[in-house]
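Peer 1: Pasting final28.cif here (mmCIF, C-alpha atoms and all ligand atoms):
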data_coords
loop_
_atom_site.label_atom_id
_atom_site.label_comp_id
_atom_site.auth_asym_id
_atom_site.auth_seq_id
_atom_site.Cartn_x
_atom_site.Cartn_y
_atom_site.Cartn_z
CA MET A 1 -59.77 87.02 -126.87
CA LYS A 2 -57.00 89.06 -125.28
CA HIS A 3 -57.54 89.14 -121.56
CA LYS A 4 -59.22 86.52 -119.38
CA SER A 5 -60.89 89.07 -117.12
CA ALA A 6 -63.89 87.00 -116.06
CA GLU A 7 -61.69 84.01 -115.21
CA LYS A 8 -59.36 86.24 -113.20
CA ILE A 9 -62.31 87.60 -111.21
CA GLN A 10 -63.59 84.06 -110.60
CA GLU A 11 -60.19 82.94 -109.36
CA LEU A 12 -60.50 85.36 -106.44
CA GLN A 13 -61.62 83.27 -103.50
CA TYR A 14 -62.52 84.86 -100.19
CA PHE A 15 -64.02 83.28 -97.11
CA GLY A 16 -66.04 85.07 -94.47
CA GLU A 17 -65.06 85.17 -90.83
CA PHE A 18 -67.15 82.07 -90.04
CA GLY A 19 -66.41 80.19 -93.23
CA GLY A 20 -69.03 82.17 -95.14
CA VAL A 21 -68.91 81.93 -98.95
CA ASN A 22 -68.69 85.72 -99.16
CA PRO A 23 -66.06 87.77 -97.40
CA SER A 24 -67.17 89.35 -94.13
CA ILE A 25 -68.08 93.02 -94.38
CA SER A 26 -65.79 95.32 -92.43
CA ASP A 27 -68.29 97.14 -90.24
CA SER A 28 -65.84 99.65 -88.77
CA SER A 29 -64.61 103.12 -89.56
CA THR A 30 -61.50 102.76 -87.41
CA TYR A 31 -59.10 99.96 -86.42
CA THR A 32 -57.19 99.18 -83.23
CA PHE A 33 -53.44 98.68 -82.99
CA LEU A 34 -51.66 96.50 -80.47
CA SER A 35 -48.80 98.96 -80.30
CA ALA A 36 -48.56 102.72 -80.71
CA LYS A 37 -45.46 102.23 -82.89
CA THR A 38 -47.43 100.23 -85.47
CA MET A 39 -50.00 103.01 -85.60
CA PHE A 40 -47.26 105.57 -86.28
CA ASP A 41 -45.70 103.33 -88.95
CA THR A 42 -49.08 102.89 -90.64
CA PHE A 43 -49.50 106.66 -90.89
CA GLU A 44 -46.07 106.76 -92.50
CA GLY A 45 -47.27 104.15 -94.98
CA ASN A 46 -44.83 101.50 -93.84
CA THR A 47 -47.07 98.70 -92.60
CA GLU A 48 -48.72 96.70 -95.31
CA GLY A 49 -51.87 94.86 -94.31
CA CYS A 50 -52.68 97.17 -91.39
CA TYR A 51 -55.93 99.09 -91.50
CA LEU A 52 -56.00 102.56 -90.08
CA TYR A 53 -59.23 104.35 -90.91
CA SER A 54 -61.84 103.42 -93.51
CA ARG A 55 -61.42 106.59 -95.60
CA HIS A 56 -57.89 105.30 -96.26
CA SER A 57 -58.85 101.68 -96.90
CA SER A 58 -61.02 98.92 -95.54
CA PRO A 59 -60.97 95.15 -96.11
CA SER A 60 -64.24 95.26 -98.10
CA ASN A 61 -62.95 98.04 -100.37
CA LEU A 62 -59.70 96.17 -100.88
CA TYR A 63 -61.55 92.98 -101.94
CA LEU A 64 -63.57 94.96 -104.48
CA GLY A 65 -60.39 96.71 -105.63
CA GLU A 66 -58.77 93.32 -106.27
CA ALA A 67 -61.70 92.23 -108.41
CA LEU A 68 -61.50 95.45 -110.43
CA ALA A 69 -57.76 95.06 -110.92
CA ALA A 70 -58.48 91.53 -112.16
CA LEU A 71 -61.12 92.92 -114.54
CA GLU A 72 -58.68 95.34 -116.17
CA GLY A 73 -55.49 93.34 -115.60
CA THR A 74 -53.84 96.18 -113.69
CA GLU A 75 -51.58 95.81 -110.66
CA ALA A 76 -54.09 97.48 -108.36
CA ALA A 77 -57.38 99.37 -108.14
CA ASN A 78 -58.92 101.83 -105.68
CA VAL A 79 -62.65 102.19 -105.22
CA PHE A 80 -64.53 105.47 -104.79
CA ALA A 81 -67.97 106.69 -103.76
CA SER A 82 -68.84 107.55 -107.41
CA GLY A 83 -67.42 107.53 -110.90
CA MET A 84 -66.94 111.30 -110.66
CA GLY A 85 -65.15 110.77 -107.33
CA ALA A 86 -62.70 108.50 -109.16
CA ILE A 87 -62.29 110.74 -112.22
CA SER A 88 -61.82 113.98 -110.26
CA ALA A 89 -59.28 112.32 -107.96
CA VAL A 90 -57.21 111.07 -110.92
CA ILE A 91 -57.23 114.49 -112.57
CA MET A 92 -56.35 116.37 -109.39
CA GLN A 93 -53.56 113.88 -108.65
CA LEU A 94 -52.00 114.30 -112.08
CA CYS A 95 -52.43 118.04 -112.65
CA ASP A 96 -50.97 121.09 -110.97
CA ALA A 97 -52.15 124.66 -111.50
CA ASP A 98 -51.54 125.90 -115.10
CA ASP A 99 -51.30 122.39 -116.54
CA HIS A 100 -53.14 121.15 -119.64
CA ILE A 101 -55.32 118.16 -120.46
CA VAL A 102 -55.99 116.81 -123.93
CA SER A 103 -59.44 115.23 -123.85
CA SER A 104 -61.91 113.72 -126.22
CA ARG A 105 -64.80 116.14 -126.75
CA THR A 106 -67.36 113.35 -126.64
CA ILE A 107 -67.29 112.38 -123.01
CA TYR A 108 -69.79 112.14 -120.16
CA GLY A 109 -71.29 115.58 -119.42
CA GLY A 110 -70.15 115.57 -115.79
CA THR A 111 -66.52 114.91 -116.75
CA TYR A 112 -66.78 117.59 -119.43
CA ALA A 113 -68.16 120.11 -116.90
CA PHE A 114 -65.46 119.22 -114.38
CA MET A 115 -62.71 119.84 -116.93
CA LYS A 116 -64.24 122.86 -118.60
CA ASN A 117 -65.69 124.72 -115.57
CA PHE A 118 -64.34 123.45 -112.30
CA LEU A 119 -60.68 123.18 -113.33
CA LYS A 120 -60.74 126.89 -114.26
CA LYS A 121 -60.25 127.57 -110.54
CA PHE A 122 -56.78 126.03 -110.90
CA LYS A 123 -56.14 127.51 -114.37
CA ILE A 124 -56.01 123.98 -115.76
CA ASP A 125 -56.97 124.13 -119.46
CA THR A 126 -58.55 121.29 -121.37
CA TYR A 127 -58.28 121.00 -125.16
CA PHE A 128 -61.40 119.13 -126.25
CA ILE A 129 -60.59 117.42 -129.50
CA ASP A 130 -61.84 114.73 -131.88
CA ILE A 131 -60.16 111.69 -130.30
CA THR A 132 -60.50 109.68 -133.51
CA ASN A 133 -58.20 112.18 -135.26
CA LEU A 134 -54.79 111.05 -134.01
CA GLU A 135 -52.97 113.85 -135.77
CA VAL A 136 -55.01 116.46 -133.90
CA VAL A 137 -54.46 114.59 -130.62
CA GLU A 138 -50.70 114.70 -131.07
CA LYS A 139 -50.68 118.33 -132.21
CA SER A 140 -52.67 119.39 -129.12
CA ILE A 141 -50.02 118.13 -126.71
CA THR A 142 -47.90 120.88 -125.14
CA PRO A 143 -45.04 120.67 -122.61
CA LYS A 144 -47.72 121.37 -119.97
CA THR A 145 -50.00 118.49 -120.96
CA LYS A 146 -50.38 116.04 -118.10
CA MET A 147 -52.66 113.41 -119.66
CA ILE A 148 -54.65 112.26 -122.65
CA TYR A 149 -58.20 111.52 -121.53
CA CYS A 150 -60.92 109.60 -123.37
CA GLU A 151 -63.72 107.08 -123.05
CA ALA A 152 -63.14 103.67 -124.68
CA VAL A 153 -66.66 103.96 -126.09
CA SER A 154 -67.93 107.49 -125.67
CA ASN A 155 -71.02 108.78 -123.92
CA PRO A 156 -73.41 109.33 -125.67
CA LEU A 157 -72.17 109.16 -129.28
CA LEU A 158 -70.54 105.72 -128.99
CA GLU A 159 -67.32 106.81 -130.69
CA VAL A 160 -64.59 104.21 -130.35
CA ALA A 161 -61.13 105.29 -129.18
CA ASN A 162 -58.02 103.72 -130.68
CA ILE A 163 -56.44 102.90 -127.34
CA GLU A 164 -53.28 101.30 -128.77
CA ALA A 165 -52.55 104.29 -130.98
CA LEU A 166 -53.36 106.82 -128.25
CA SER A 167 -51.14 104.93 -125.85
CA LYS A 168 -48.22 105.19 -128.30
CA ILE A 169 -48.71 108.96 -128.53
CA ALA A 170 -48.95 109.24 -124.73
CA LYS A 171 -45.78 107.18 -124.24
CA LYS A 172 -43.90 109.24 -126.80
CA HIS A 173 -44.71 112.37 -124.77
CA ASN A 174 -44.20 110.63 -121.45
CA ILE A 175 -47.70 111.33 -120.20
CA PRO A 176 -50.38 108.87 -119.05
CA LEU A 177 -53.36 107.78 -121.13
CA VAL A 178 -56.46 107.81 -118.93
CA VAL A 179 -59.42 105.81 -120.27
CA ASP A 180 -62.96 105.73 -118.90
CA ASN A 181 -64.18 102.19 -119.63
CA THR A 182 -67.64 102.54 -118.08
CA PHE A 183 -69.46 101.67 -121.33
CA SER A 184 -67.43 98.59 -122.23
CA PRO A 185 -66.30 96.52 -119.21
CA LEU A 186 -65.06 93.04 -120.25
CA SER A 187 -65.65 93.82 -123.96
CA ILE A 188 -62.62 96.12 -124.02
CA SER A 189 -59.62 95.59 -121.75
CA ALA A 190 -58.35 99.14 -121.87
CA ALA A 191 -55.23 98.62 -119.74
CA GLN A 192 -54.19 95.61 -121.84
CA LEU A 193 -54.38 97.82 -124.90
CA GLY A 194 -52.07 100.39 -123.34
CA ALA A 195 -54.11 102.67 -121.06
CA ASP A 196 -52.08 103.66 -118.00
CA ILE A 197 -55.09 104.47 -115.83
CA VAL A 198 -58.57 103.07 -116.32
CA VAL A 199 -61.54 104.67 -114.57
CA HIS A 200 -65.02 103.25 -114.15
CA SER A 201 -68.38 104.40 -112.94
CA LEU A 202 -69.32 101.19 -111.09
CA THR A 203 -72.84 102.66 -110.91
CA LYS A 204 -73.47 101.23 -114.38
CA PHE A 205 -72.84 97.73 -115.79
CA ILE A 206 -70.34 96.60 -113.18
CA ASN A 207 -72.82 96.84 -110.32
CA GLY A 208 -75.75 96.34 -112.66
CA THR A 209 -78.60 96.82 -110.18
CA SER A 210 -78.99 100.64 -110.26
CA ASP A 211 -79.08 100.76 -106.47
CA CYS A 212 -75.96 102.79 -105.71
CA VAL A 213 -73.28 105.07 -107.13
CA ALA A 214 -69.63 104.02 -106.99
CA GLY A 215 -66.41 104.35 -108.97
CA ALA A 216 -62.96 102.90 -109.47
CA VAL A 217 -59.44 103.69 -110.62
CA CYS A 218 -57.47 100.73 -112.01
CA ALA A 219 -53.76 101.47 -112.35
CA SER A 220 -50.26 100.65 -111.15
CA THR A 221 -49.70 99.94 -107.44
CA GLU A 222 -47.60 103.10 -107.34
CA PHE A 223 -50.40 105.35 -108.63
CA CYS A 224 -53.06 103.69 -106.45
CA LEU A 225 -50.87 104.23 -103.38
CA GLN A 226 -50.28 107.86 -104.40
CA LEU A 227 -54.05 108.41 -104.46
CA LYS A 228 -54.24 107.05 -100.91
CA ASP A 229 -51.31 108.97 -99.50
CA VAL A 230 -52.29 110.62 -96.21
CA ASN A 231 -50.28 113.74 -97.07
CA ASP A 232 -51.16 114.46 -100.69
CA GLY A 233 -53.39 111.70 -102.06
CA ALA A 234 -56.47 113.09 -103.86
CA GLY A 235 -58.45 109.94 -103.00
CA MET A 236 -57.62 110.21 -99.33
CA LEU A 237 -57.98 113.98 -99.05
CA PHE A 238 -61.11 114.59 -101.17
CA GLY A 239 -62.63 111.75 -99.21
CA SER A 240 -65.03 110.24 -101.75
CA THR A 241 -64.80 106.89 -100.00
CA LEU A 242 -67.06 103.99 -100.83
CA ASP A 243 -68.93 102.51 -97.90
CA SER A 244 -67.94 98.92 -97.06
CA LEU A 245 -71.51 97.64 -97.24
CA ARG A 246 -71.77 98.89 -100.80
CA ALA A 247 -68.36 97.53 -101.72
CA ALA A 248 -69.50 94.10 -100.54
CA SER A 249 -72.72 94.21 -102.58
CA ILE A 250 -70.92 95.42 -105.73
CA LEU A 251 -68.38 92.58 -105.40
CA LYS A 252 -71.22 90.04 -105.28
CA ASN A 253 -72.79 91.57 -108.39
CA MET A 254 -69.44 91.45 -110.22
CA ARG A 255 -69.60 87.66 -110.00
CA THR A 256 -72.29 87.68 -112.71
CA LEU A 257 -70.90 90.52 -114.85
CA HIS A 258 -69.72 88.19 -117.64
CA ILE A 259 -73.19 86.68 -118.09
CA ARG A 260 -74.92 90.06 -117.99
CA ILE A 261 -72.58 91.71 -120.49
CA LYS A 262 -73.07 88.89 -122.99
CA LYS A 263 -76.87 89.24 -122.72
CA HIS A 264 -76.80 93.06 -122.91
CA SER A 265 -74.66 92.81 -126.06
CA GLU A 266 -76.77 90.07 -127.65
CA ASN A 267 -80.01 91.99 -127.09
CA THR A 268 -78.59 95.29 -128.30
CA LEU A 269 -77.15 93.76 -131.46
CA TYR A 270 -80.55 92.19 -132.17
CA LEU A 271 -82.44 95.47 -131.84
CA ALA A 272 -79.81 97.56 -133.64
CA THR A 273 -79.67 95.15 -136.58
CA HIS A 274 -83.45 95.02 -136.95
CA PHE A 275 -84.00 98.75 -136.56
CA GLU A 276 -81.29 99.48 -139.10
CA LYS A 277 -83.02 97.15 -141.56
CA ASP A 278 -86.24 99.02 -140.86
CA GLY A 279 -84.51 102.19 -142.04
CA LEU A 280 -84.02 103.93 -138.69
CA LYS A 281 -80.97 106.01 -137.80
CA VAL A 282 -79.30 103.60 -135.38
CA VAL A 283 -75.81 103.93 -133.99
CA TYR A 284 -74.26 100.80 -132.48
CA PRO A 285 -70.58 99.80 -132.67
CA GLY A 286 -71.69 96.24 -133.50
CA LEU A 287 -73.12 97.37 -136.84
CA ALA A 288 -70.81 97.32 -139.86
CA SER A 289 -72.13 100.82 -140.69
CA HIS A 290 -70.60 102.28 -137.49
CA SER A 291 -67.44 104.28 -138.16
CA GLY A 292 -65.67 102.60 -135.23
CA HIS A 293 -66.88 99.05 -135.96
CA ASP A 294 -63.61 97.65 -137.31
CA LEU A 295 -61.62 99.32 -134.56
CA PHE A 296 -63.93 97.93 -131.84
CA LYS A 297 -63.62 94.50 -133.47
CA ALA A 298 -59.84 94.71 -133.45
CA GLN A 299 -59.73 95.74 -129.78
CA MET A 300 -62.50 93.62 -128.29
CA ASN A 301 -62.68 90.43 -126.26
CA THR A 302 -65.00 88.82 -128.79
CA GLU A 303 -67.19 86.74 -126.49
CA TYR A 304 -68.61 89.80 -124.70
CA GLY A 305 -69.88 91.54 -127.82
CA TYR A 306 -70.22 95.22 -128.61
CA GLY A 307 -71.91 96.31 -125.40
CA GLY A 308 -75.37 97.30 -124.29
CA LEU A 309 -75.68 100.86 -125.60
CA MET A 310 -77.16 102.10 -128.82
CA THR A 311 -78.69 105.36 -129.99
CA LEU A 312 -81.68 106.12 -132.21
CA ASP A 313 -82.13 109.52 -133.82
CA VAL A 314 -85.85 110.11 -134.22
CA GLY A 315 -85.53 113.62 -135.69
CA SER A 316 -86.73 116.00 -133.00
CA SER A 317 -86.84 116.35 -129.24
CA GLU A 318 -90.69 116.30 -129.36
CA LYS A 319 -90.69 112.91 -131.11
CA ALA A 320 -87.99 111.62 -128.79
CA ASN A 321 -90.02 112.62 -125.72
CA GLU A 322 -93.24 111.12 -127.10
CA LEU A 323 -91.49 107.88 -127.92
CA MET A 324 -89.80 107.58 -124.55
CA GLU A 325 -93.06 108.25 -122.69
CA MET A 326 -94.89 105.70 -124.81
CA MET A 327 -92.21 103.06 -124.35
CA GLN A 328 -92.38 103.55 -120.59
CA ARG A 329 -96.19 103.17 -120.65
CA GLU A 330 -95.70 99.95 -122.61
CA ASN A 331 -93.31 98.75 -119.89
CA LEU A 332 -90.43 98.42 -122.37
CA GLY A 333 -88.12 100.21 -119.98
CA TYR A 334 -87.75 103.36 -117.93
CA LEU A 335 -87.30 106.97 -118.97
CA ALA A 336 -84.22 107.38 -116.82
CA VAL A 337 -80.58 108.34 -117.10
CA SER A 338 -77.81 105.85 -116.29
CA LEU A 339 -77.15 102.45 -117.83
CA GLY A 340 -76.38 98.82 -117.22
CA PHE A 341 -79.64 97.89 -115.47
CA TYR A 342 -81.61 94.64 -116.05
CA LYS A 343 -84.37 96.81 -117.50
CA THR A 344 -83.88 98.99 -120.58
CA LEU A 345 -83.20 102.64 -119.72
CA PHE A 346 -83.59 105.49 -122.18
CA SER A 347 -82.99 109.22 -122.12
CA ALA A 348 -82.31 112.09 -124.51
CA PRO A 349 -78.70 113.06 -123.72
CA GLY A 350 -78.97 116.58 -125.21
CA SER A 351 -81.36 117.60 -122.44
CA SER A 352 -80.03 115.33 -119.69
CA THR A 353 -76.64 113.64 -119.28
CA SER A 354 -74.90 115.90 -121.81
CA SER A 355 -76.80 119.11 -121.04
CA GLU A 356 -73.60 120.53 -119.50
CA ILE A 357 -72.19 120.69 -123.04
CA PRO A 358 -73.22 123.99 -124.74
CA MET A 359 -75.68 123.69 -127.66
CA GLU A 360 -73.18 124.81 -130.35
CA GLU A 361 -70.69 122.22 -129.17
CA GLN A 362 -73.37 119.52 -129.06
CA GLU A 363 -74.21 120.35 -132.67
CA GLU A 364 -70.55 120.35 -133.70
CA MET A 365 -70.02 116.87 -132.27
CA GLY A 366 -73.19 115.53 -133.90
CA LEU A 367 -75.35 115.33 -130.78
CA SER A 368 -78.78 116.14 -132.16
CA ASN A 369 -82.00 116.94 -130.30
CA GLY A 370 -83.78 113.83 -131.47
CA LEU A 371 -81.11 111.46 -130.22
CA ILE A 372 -82.22 108.84 -127.69
CA ARG A 373 -79.62 106.80 -125.82
CA PHE A 374 -80.70 103.28 -124.96
CA SER A 375 -79.11 101.00 -122.41
CA ILE A 376 -80.70 97.74 -123.46
CA GLY A 377 -81.76 95.43 -120.67
CA LEU A 378 -81.59 91.70 -120.07
CA ASP A 379 -84.97 90.95 -121.71
CA ASN A 380 -85.44 87.22 -122.14
CA ASP A 381 -87.57 87.63 -125.28
CA ILE A 382 -85.89 90.39 -127.25
CA HIS A 383 -87.98 89.67 -130.35
CA HIS A 384 -91.09 90.51 -128.35
CA THR A 385 -89.41 93.74 -127.17
CA TYR A 386 -88.62 94.56 -130.80
CA THR A 387 -92.20 94.05 -131.95
CA VAL A 388 -93.63 96.25 -129.15
CA MET A 389 -91.02 98.97 -129.78
CA LYS A 390 -91.77 98.86 -133.46
CA LYS A 391 -95.49 99.34 -132.79
CA CYS A 392 -94.63 102.49 -130.81
CA LEU A 393 -92.44 103.78 -133.65
CA LEU A 394 -95.22 103.17 -136.17
CA LYS A 395 -97.88 104.79 -133.98
CA LEU A 396 -95.80 107.96 -133.71
CA GLY A 397 -95.04 107.99 -137.43
CA ILE A 398 -91.30 107.65 -136.83
CA LEU A 399 -91.50 104.53 -138.95
CA LYS A 400 -93.69 105.19 -141.97
CA LYS A 401 -94.85 101.70 -142.86
CA ASP A 402 -94.74 98.32 -141.18
CA SER A 403 -91.61 97.23 -143.01
CA ALA A 404 -90.19 93.75 -142.81
CA MET A 405 -91.64 92.80 -139.43
CA ILE A 406 -90.19 89.36 -138.89
N1 LIG B 501 -68.22 108.09 -116.86
C1 LIG B 501 -69.24 107.81 -117.68
C2 LIG B 501 -68.95 107.30 -119.06
C3 LIG B 501 -70.56 107.99 -117.25
O1 LIG B 501 -71.57 107.69 -118.09
C4 LIG B 501 -70.79 108.49 -115.94
C5 LIG B 501 -72.15 108.71 -115.42
O2 LIG B 501 -73.13 108.71 -116.15
C6 LIG B 501 -69.69 108.78 -115.13
C7 LIG B 501 -68.42 108.57 -115.62
C8 LIG B 501 -69.86 109.32 -113.74
O3 LIG B 501 -70.16 108.29 -112.87
P1 LIG B 501 -70.98 108.47 -111.49
O4 LIG B 501 -72.36 108.90 -111.86
O5 LIG B 501 -70.91 107.11 -110.87
O6 LIG B 501 -70.27 109.50 -110.70
#
Output the structure of this file as structure tokens.
Peer 2:
Amino acid sequence: MKHKSAEKIQELQYFGEFGGVNPSISDSSTYTFLSAKTMFDTFEGNTEGCYLYSRHSSPSNLYLGEALAALEGTEAANVFASGMGAISAVIMQLCDADDHIVSSRTIYGGTYAFMKNFLKKFKIDTYFIDITNLEVVEKSITPKTKMIYCEAVSNPLLEVANIEALSKIAKKHNIPLVVDNTFSPLSISAAQLGADIVVHSLTKFINGTSDCVAGAVCASTEFCLQLKDVNDGAGMLFGSTLDSLRAASILKNMRTLHIRIKKHSENTLYLATHFEKDGLKVVYPGLASHSGHDLFKAQMNTEYGYGGLMTLDVGSSEKANELMEMMQRENLGYLAVSLGFYKTLFSAPGSSTSSEIPMEEQEEMGLSNGLIRFSIGLDNDIHHTYTVMKKCLLKLGILKKDSAMI
């Protein structure tokens, strides 16, 4: 156990305006000043604790930011209206026209599309590389490289990044290491391992109720203030601001994150272990057969497990679709993108969340047509889930015989 994230979040104690056990929600877009001079100073960034306008900051967003900073153990955190809002702001803050990014090639499709397509407008080039090959990472860095970018556990292939080693390379070249920790909150404390900037899609495990999109950047106070700068802060000027009502509901959900992550991990390990024994092609970092297992183990906060995501390769997109439709009919979960919900969610990334990645590149990185990504839910009786799933697999001939049903 390296970082007491859950304890740090629990230590945060806020009272509402009338002694409520939750902080009051700031229901205002703008804030009054008793003197015109204070308003001027606030614009100049010189008055701490004064609120100006809710796109800049609001009490509810600051409370949630504190909890996220506690989660990652960073000095500060800013919240955003989506994970992509957070990621795009970080990139635009760090890069000028003609700069370079060195990025893992197995990342969320939206981030990939942003780097590959959108950044063309600014002539910012991204070298998509195998992040597990540290030699290639280092060789790809040029004098114009402004960051190394990766996901702690990648979407959808569940590759594990060696954050300590990548951080050493980044430091050597005096550039920041930016890590998306959406798949492994609490399990991996990316900033403690050396990431300079940690981004999250709060839409997923951290909120956990699949009722909103939101994002965060956890970093130094200096970088978080830069993002908010009224003159050149990408957070402030792109304006992907989280609404205060949502910030308040996400903060309440964060109070149970530690319990949820443990259950997601426990259930996923159970299914992955059993399906592997049954002879299926399962990928889960908690399995000894996973290429990143030892690395995950070395980096993890043990009590939270290996996370709630696993993949099953069922051979073809037809079989994958049949299986997902059948599982939904059996009420095992929903055929839906996203992750971190109480209910299991499954989708075929090749035709959904990673469809922005061209076919040849999908093939090169090992993303096959028959791959199904599962975000395993909080099922109370995971053995029952296993038996019903197994019946579906047998019915579709994905499993040939009823092997070792326990
Ligand atoms: N990062 C990862 C790893 C994701 O899986 C996603 C969304 O699926 C995002 C970032 C983008 O987050 P959002 O949908 O909240 O913008």
Peer 1: Taking (-73.2, 97.2, -143.0) in the coordinates of the supplied file, I want to know which residues reach to within 10 Å of it, counting all atoms listed in the file; could you give the answer as a list of chain:residue names?
Peer 2: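 In the file's frame, the residues around the point are A:Thr273, A:Glu276, A:Lys277, A:Gly286, A:Leu287, A:Ala288, A:Ser289, A:His290, A:His293.
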Peer 1: In Å, rounded to a single decimal, give me how far atom CA of Val179 of chain A is from atom CA of Phe223 of chain A.
Peer 2: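 Between atom CA of Phe223 of chain A and atom CA of Val179 of chain A the gap is 14.7 Å.
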Peer 1: Do you know which residues are within 8 Å of ligand LIG 501 (chain B) using all atoms listed in the file? Can you write them as a ChimeraX atom specification?
Peer 2: /A:81-87,107-111,151,154-156,180-183,199-204,213-215,337-339,353
Peer 1: I want to know what sits within 12 Å of Ser35 of chain A, based on all atoms listed in the file, with residues of the same chain fewer than 6 positions away left out; could you give that as a list in words?
Peer 2: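 The residues satisfying every condition are Asp41, Thr42 and Cys50 of chain A.
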Peer 1: The selected residues should be written to file as a PDB file, in the coordinates of the input (atoms: C-alpha atoms).
Peer 2:
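Ended up saving to again_20.pdb:
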ATOM      1  CA  ASP A  41     -45.700 103.330 -88.950  1.00  0.00           C
ATOM      2  CA  THR A  42     -49.080 102.890 -90.640  1.00  0.00           C
ATOM      3  CA  CYS A  50     -52.680  97.170 -91.390  1.00  0.00           C
TER       4      CYS A  50
END
Peer 1: I'd like the neighbourhood of Gly49 of chain A as a list in words, where a residue qualifies if any of its atoms comes within 12 Å (using only C-alpha atoms), though same-chain residues fewer than 5 positions away should be ignored.
Peer 2: Tyr31, Thr38, Asp41, Thr42, Ser57, Ser58, Pro59 and Leu62 of chain A
Peer 1: If we count all atoms listed in the file and set the cut-off at 12 Å, which residues sit around Glu159 of chain A, ignoring sequence neighbours fewer than 3 positions away in its own chain? Please answer as a PyMOL selection string.
Peer 2: chain A and resi 104-107+130-133+150-156+162+183-184+283-286+290-296+309-311+365-367
Peer 1: Kindly export the residues of the current selection with C-alpha atoms, as an mmCIF file, keeping the file's coordinate frame.
Peer 2:
data_model
loop_
_atom_site.group_PDB
_atom_site.id
_atom_site.type_symbol
_atom_site.label_atom_id
_atom_site.label_comp_id
_atom_site.auth_asym_id
_atom_site.auth_seq_id
_atom_site.Cartn_x
_atom_site.Cartn_y
_atom_site.Cartn_z
ATOM 1 C CA SER A 104 -61.910 113.720 -126.220
ATOM 2 C CA ARG A 105 -64.800 116.140 -126.750
ATOM 3 C CA THR A 106 -67.360 113.350 -126.640
ATOM 4 C CA ILE A 107 -67.290 112.380 -123.010
ATOM 5 C CA ASP A 130 -61.840 114.730 -131.880
ATOM 6 C CA ILE A 131 -60.160 111.690 -130.300
ATOM 7 C CA THR A 132 -60.500 109.680 -133.510
ATOM 8 C CA ASN A 133 -58.200 112.180 -135.260
ATOM 9 C CA CYS A 150 -60.920 109.600 -123.370
ATOM 10 C CA GLU A 151 -63.720 107.080 -123.050
ATOM 11 C CA ALA A 152 -63.140 103.670 -124.680
ATOM 12 C CA VAL A 153 -66.660 103.960 -126.090
ATOM 13 C CA SER A 154 -67.930 107.490 -125.670
ATOM 14 C CA ASN A 155 -71.020 108.780 -123.920
ATOM 15 C CA PRO A 156 -73.410 109.330 -125.670
ATOM 16 C CA ASN A 162 -58.020 103.720 -130.680
ATOM 17 C CA PHE A 183 -69.460 101.670 -121.330
ATOM 18 C CA SER A 184 -67.430 98.590 -122.230
ATOM 19 C CA VAL A 283 -75.810 103.930 -133.990
ATOM 20 C CA TYR A 284 -74.260 100.800 -132.480
ATOM 21 C CA PRO A 285 -70.580 99.800 -132.670
ATOM 22 C CA GLY A 286 -71.690 96.240 -133.500
ATOM 23 C CA HIS A 290 -70.600 102.280 -137.490
ATOM 24 C CA SER A 291 -67.440 104.280 -138.160
ATOM 25 C CA GLY A 292 -65.670 102.600 -135.230
ATOM 26 C CA HIS A 293 -66.880 99.050 -135.960
ATOM 27 C CA ASP A 294 -63.610 97.650 -137.310
ATOM 28 C CA LEU A 295 -61.620 99.320 -134.560
ATOM 29 C CA PHE A 296 -63.930 97.930 -131.840
ATOM 30 C CA LEU A 309 -75.680 100.860 -125.600
ATOM 31 C CA MET A 310 -77.160 102.100 -128.820
ATOM 32 C CA THR A 311 -78.690 105.360 -129.990
ATOM 33 C CA MET A 365 -70.020 116.870 -132.270
ATOM 34 C CA GLY A 366 -73.190 115.530 -133.900
ATOM 35 C CA LEU A 367 -75.350 115.330 -130.780
#
Peer 1: Looking at A:Ala298, A:Tyr270, A:Lys281, A:Thr241, which one is nearest to Ile163 of chain A, with distances taken over only C-alpha atoms?
Peer 2: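 When distances to Ile163 of chain A are compared using only C-alpha atoms, the smallest one comes from A:Ala298.
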Peer 1: Measuring atom to atom with all atoms listed in the file, identify which of A:Ile197, A:Leu312, A:Ile357, A:Ile398 is nearest to Leu158 of chain A.
Peer 2: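 Smallest separation from Leu158 of chain A among the options: A:Leu312.
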Peer 1: Mind giving me the straight-line distance from atom CA of Ala219 of chain A to atom CA of Leu68 of chain A in Å, one decimal?
Peer 2: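 Rounded to one decimal, the two atoms are 10.0 Å apart.
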Peer 1: Can you work out which one of A:His383, A:Lys391, A:His56, A:Lys121 has the shortest atom-to-atom distance to Leu271 of chain A, counting only C-alpha atoms?
Peer 2: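 Comparing A:His383, A:Lys391, A:His56, A:Lys121 against Leu271 of chain A, the winner is A:His383.
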Peer 1: Kindly give the distance, in Å, that separates atom CA of Glu135 of chain A and atom CA of Ala191 of chain A, rounded to a single decimal.
Peer 2: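 Rounded to one decimal, the two atoms are 22.2 Å apart.
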Peer 1: Quick one: residues within 12 Å of Leu119 of chain A, all atoms listed in the file, excluding same-chain residues fewer than 6 positions away - as a VMD selection string?
Peer 2: chain A and resid 88 91 to 92 95 to 101 111 to 113 125 to 126
Peer 1: Mind checking which residues fall within 10 Å of Glu44 of chain A, counting all atoms listed in the file, ignoring those fewer than 6 positions away in the same chain, and posting them as number ranges by chain?
Peer 2: A: 38, 229-231
Peer 1: Using all atoms listed in the file, can you tell me which of A:Leu371, A:Leu269, A:Cys392, A:Met359 comes closest to Asn331 of chain A?
Peer 2: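 Closest residue, counting all atoms listed in the file: A:Cys392.
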Peer 1: Under the rule that only C-alpha atoms are counted, which of A:Leu396, A:Leu245, A:Ser355, A:Lys297 is the nearest residue to Gly315 of chain A?
Peer 2: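 For Gly315 of chain A, the nearest of the candidates is A:Leu396.
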